[in-house]
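Quick notes on the structure that follows.
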Amino acid sequence: MQTLFDKYEKRLDITSIDSNIDRIQGFIKQKINTNYLKQIFSYIDFTSLNTADNENDILRMVQKLNRFSENFPGIHHVAAICVWPSLVYVPKRYLDVPGIKIASVAGGFPSSQTFLEVKCTEAESAVEAGADEVDIVMNVGKFLSGDYISVAGEINAIKRSIGNTHLKVILETGLLENADQIRKASLLAMQSGADFIKTSTGKISPAATYRAVYVMADAIGDFYRKTGKKTGIKPAGGIIAPEDAAMYSAITEEILGEGWMTPEFFRIGASRLGNNLLAAITKPDSEMDEGFTYF
């Protein structure tokens with residue numbers, strides 16, 4: 001792995017990164033309008049990963065997606081629905097909207113603290129049940145101990161087990177010690193087969209941060225320029241306000257360009273963001289109605 005890190009060696013200037021983030025924050029308010037928020041809405045992975053989830057809960061989610069265009073004409077549907085692997089069969093059976101991907105967490109989510117054989121089997125089973133995408137968590141414990149070979153081997157084995165199904169690798173950036181580690185984790189995941197890299201499970205704090213997404217996007221750009229492989233990015237965890245979602249979108253576009261600004265390469269994950277975006281889109285000139293609930 002040291003060869004990989006040497007190949008992409010870069011001295012990260014945190015002061016410069018934070019200055020660029022401040023600059024983006026300075027102009028993003030001028031960029032936010034109804035059409036921009038509609039675009040961001042189309043990047044959402046509509047997610048339910050609650051301990052008490054059951055078939056009826058996920059069926060209600062699916063029914064809301066099936067009726068979405070009728071209730072909100074002119075707003076494009078979300079990018080994906082993400083559920084537990086044992087509940088993938090529900091959207092597979094009942095989702096009627098073309099274009100919405102079915103995603104599932106697997107691989108010992110959210111801690112990644114189980115046997116590799118179990119991780120691969122769970123990911124395979126999710127795909128067999130109908131998942132188009134699988135979200136796993138990088139083995140953070142092994143990464144922090146410096147066992148990069150094992151971390152890479154796990155990601156690669158899971159990717160091989162699911163074939164062409166898209167693999168999103170969650171770095172859990174809130175547990176990584178600094179920007180250099182976030183960059184290393186990003187490069188390691190991409191080299192090992194990740195189709196997307198993602199900030200957080202949302203189960204620990206801090207979750208997504210502007211700096212983490214900036215560093216991840218920068219690593220994606222470097223990896224693309226050397227390999228030609230275009231890797232997606234997903235800020236996730238604790239993203240509630242439309243303004244925050246707009247910032248993550250703007251950071252990604254600033255670093256990677258418009259070519260990344262499609263659901264194929266940019267996603268955003270948060271449970272409450274969808275309702276807040278809909279409120280901002282449908283009531284742009286009024287105070288956000290915190291009681292507004294569709295999802």
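Residues in the structure tokens are numbered from 1 in each chain, the chains being A, B, ... in the order shown, and ligands are numbered from 1 in the order shown.
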Mind checking DSSP for range 126-183 of chain A and telling me the alpha helix (DSSP H) residues as a short mmCIF file (atom, residue, chain, number, x, y, z; two decimals) with N, CA and C atoms, in the first residue's frame?
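Printed below is out_33.cif as written:
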data_model
loop_
_atom_site.label_atom_id
_atom_site.label_comp_id
_atom_site.auth_asym_id
_atom_site.auth_seq_id
_atom_site.Cartn_x
_atom_site.Cartn_y
_atom_site.Cartn_z
N ALA A 126 -27.67 -9.70 -0.48
CA ALA A 126 -28.39 -8.46 -0.80
C ALA A 126 -28.57 -8.32 -2.31
N VAL A 127 -27.53 -8.65 -3.06
CA VAL A 127 -27.62 -8.57 -4.52
C VAL A 127 -28.60 -9.61 -5.06
N GLU A 128 -28.54 -10.81 -4.52
CA GLU A 128 -29.48 -11.85 -4.95
C GLU A 128 -30.93 -11.46 -4.68
N ALA A 129 -31.14 -10.67 -3.60
CA ALA A 129 -32.49 -10.23 -3.26
C ALA A 129 -32.97 -9.08 -4.13
N VAL A 140 -12.40 0.21 9.86
CA VAL A 140 -11.70 1.37 10.43
C VAL A 140 -10.67 0.95 11.46
N GLY A 141 -10.99 -0.07 12.25
CA GLY A 141 -10.05 -0.53 13.27
C GLY A 141 -8.73 -0.97 12.67
N LYS A 142 -8.80 -1.77 11.60
CA LYS A 142 -7.58 -2.21 10.93
C LYS A 142 -6.86 -1.05 10.25
N PHE A 143 -7.65 -0.14 9.69
CA PHE A 143 -7.03 1.02 9.04
C PHE A 143 -6.23 1.85 10.04
N LEU A 144 -6.82 2.13 11.19
CA LEU A 144 -6.15 2.95 12.19
C LEU A 144 -4.92 2.26 12.77
N TYR A 148 -3.16 -1.73 6.32
CA TYR A 148 -3.82 -1.32 5.07
C TYR A 148 -4.04 -2.50 4.12
N ILE A 149 -3.13 -3.49 4.15
CA ILE A 149 -3.27 -4.63 3.26
C ILE A 149 -4.57 -5.39 3.55
N SER A 150 -4.87 -5.60 4.82
CA SER A 150 -6.09 -6.30 5.18
C SER A 150 -7.33 -5.50 4.81
N VAL A 151 -7.27 -4.19 5.02
CA VAL A 151 -8.41 -3.34 4.68
C VAL A 151 -8.69 -3.43 3.18
N ALA A 152 -7.64 -3.28 2.39
CA ALA A 152 -7.78 -3.35 0.93
C ALA A 152 -8.27 -4.73 0.50
N GLY A 153 -7.75 -5.77 1.13
CA GLY A 153 -8.15 -7.13 0.79
C GLY A 153 -9.63 -7.38 1.05
N GLU A 154 -10.15 -6.84 2.16
CA GLU A 154 -11.57 -7.00 2.47
C GLU A 154 -12.44 -6.32 1.43
N ILE A 155 -12.11 -5.07 1.11
CA ILE A 155 -12.91 -4.33 0.12
C ILE A 155 -12.88 -5.05 -1.22
N ASN A 156 -11.71 -5.49 -1.62
CA ASN A 156 -11.56 -6.17 -2.90
C ASN A 156 -12.35 -7.48 -2.93
N ALA A 157 -12.32 -8.22 -1.82
CA ALA A 157 -13.05 -9.49 -1.76
C ALA A 157 -14.55 -9.27 -1.86
N ILE A 158 -15.05 -8.24 -1.17
CA ILE A 158 -16.49 -7.95 -1.23
C ILE A 158 -16.88 -7.49 -2.62
N LYS A 159 -16.04 -6.66 -3.24
CA LYS A 159 -16.32 -6.22 -4.61
C LYS A 159 -16.37 -7.41 -5.56
N ARG A 160 -15.42 -8.31 -5.43
CA ARG A 160 -15.43 -9.49 -6.29
C ARG A 160 -16.67 -10.35 -6.07
N SER A 161 -17.15 -10.38 -4.83
CA SER A 161 -18.30 -11.22 -4.52
C SER A 161 -19.60 -10.69 -5.13
N ILE A 162 -19.65 -9.37 -5.41
CA ILE A 162 -20.88 -8.80 -5.97
C ILE A 162 -20.74 -8.42 -7.44
N ALA A 179 -6.81 14.94 7.88
CA ALA A 179 -7.09 14.97 6.45
C ALA A 179 -6.21 13.99 5.68
N ASP A 180 -4.98 13.80 6.12
CA ASP A 180 -4.10 12.84 5.44
C ASP A 180 -4.68 11.43 5.51
N GLN A 181 -5.25 11.07 6.65
CA GLN A 181 -5.85 9.74 6.76
C GLN A 181 -7.09 9.62 5.87
N ILE A 182 -7.86 10.69 5.78
CA ILE A 182 -9.04 10.66 4.90
C ILE A 182 -8.60 10.46 3.45
N ARG A 183 -7.53 11.13 3.06
CA ARG A 183 -7.02 10.96 1.70
C ARG A 183 -6.53 9.53 1.49
#
Per-residue DSSP, range 94-271 of chain A, filtered to strand (DSSP E or B), as a list of chain:residue names:
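Result set for range 94-271 of chain A (strand (DSSP E or B)): A:Lys101, A:Ile102, A:Ala103, A:Ser104, A:Val105, A:Glu133, A:Val134, A:Asp135, A:Ile136, A:Val137, A:His166, A:Leu167, A:Lys168, A:Val169, A:Ile170, A:Phe196, A:Ile197, A:Lys198, A:Gly232, A:Ile233, A:Lys234, A:Ala236, A:Phe266, A:Ile268, A:Gly269.
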For Pro85 in chain A, please output as a list in words all residues within 7 Å (counting only C-alpha atoms; exclusion window: fewer than 6 positions along the same chain).
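The contact residues come out as Ser104, Val105, Ala106 and Ala126 of chain A.
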Could the residues in this selection be saved with N, CA and C atoms as a PDB file, in the first residue's frame?
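Writing the result to out.pdb gives the following:
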ATOM      1  N   SER A 104     -28.527  -1.370  -0.558  1.00  0.00           N
ATOM      2  CA  SER A 104     -28.576  -2.051   0.734  1.00  0.00           C
ATOM      3  C   SER A 104     -27.238  -1.899   1.438  1.00  0.00           C
ATOM      4  N   VAL A 105     -27.286  -1.706   2.746  1.00  0.00           N
ATOM      5  CA  VAL A 105     -26.059  -1.797   3.538  1.00  0.00           C
ATOM      6  C   VAL A 105     -25.738  -3.278   3.736  1.00  0.00           C
ATOM      7  N   ALA A 106     -24.469  -3.588   3.884  1.00  0.00           N
ATOM      8  CA  ALA A 106     -24.055  -4.979   4.088  1.00  0.00           C
ATOM      9  C   ALA A 106     -22.639  -4.965   4.654  1.00  0.00           C
ATOM     10  N   ALA A 126     -27.665  -9.704  -0.484  1.00  0.00           N
ATOM     11  CA  ALA A 126     -28.390  -8.465  -0.795  1.00  0.00           C
ATOM     12  C   ALA A 126     -28.569  -8.320  -2.306  1.00  0.00           C
TER      13      ALA A 126
END
What is the distance, in Å and to one decimal place, between CA of Glu253 in chain A and CA of Glu172 in chain A?
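For CA of Glu253 in chain A relative to CA of Glu172 in chain A, the distance reads 22.0 Å.
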Could you check which of A:Ala194, A:Met138, A:Leu277, A:Ala217 is closest to Ala245 in chain A, using only C-alpha atoms?
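Looking only at the distances to Ala245 in chain A, the closest residue turns out to be A:Leu277.
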Nearest residue to Leu176 in chain A from the set A:Pro206, A:Gly130, A:Gly74, A:Gly238 (distances using only C-alpha atoms):
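Closest residue, counting only C-alpha atoms: A:Pro206.
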Residues near Thr252 in chain A, cut-off 8 Å, only C-alpha atoms, skip fewer than 4 positions along chain, as a VMD selection string:
chain A and resid 213 to 214 217 248 256 to 257 260 to 261
Spatial neighbours of Leu65 in chain A, 9 Å, only C-alpha atoms, chain gap at least 5 places, as an MDAnalysis selection string
chainID A and resid 60 77:78 81 95:97 295
Please list as a list in words every residue within 9 Å of Glu243 in chain A, counting only C-alpha atoms and excluding residues in the same chain fewer than 4 positions away.
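Returned residues: Ile28, Lys29, Ile32, Met247 and Tyr248 of chain A.
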Using Å and a single decimal, report how far CA of Ser200 in chain A sits from CA of Ala79 in chain A.
18.2 Å
If I take CA of Gly221 in chain A and CA of Phe265 in chain A, how far is one from the other in Å, to one decimal?
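Going from CA of Gly221 in chain A over to CA of Phe265 in chain A covers 12.3 Å.
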Looking at only C-alpha atoms, which of A:Ile233, A:Leu187, A:Leu167, A:Ile240 is the one that sits closest to Lys10 in chain A?
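Looking at the shortest contact to Lys10 in chain A, the residue is A:Leu187.
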For Asp195 in chain A: contacts at 12 Å, only C-alpha atoms, fewer than 2 positions along chain excluded, given as a PyMOL selection string:
chain A and resi 133-136+155-156+159+163-170+186-187+189-193+197-198+220+224+229-234+264-266
Of the candidates A:Gln39, A:Thr199, A:Thr15, A:Asn20, which one gets nearest to Ser249 in chain A if we count only C-alpha atoms?
A:Gln39
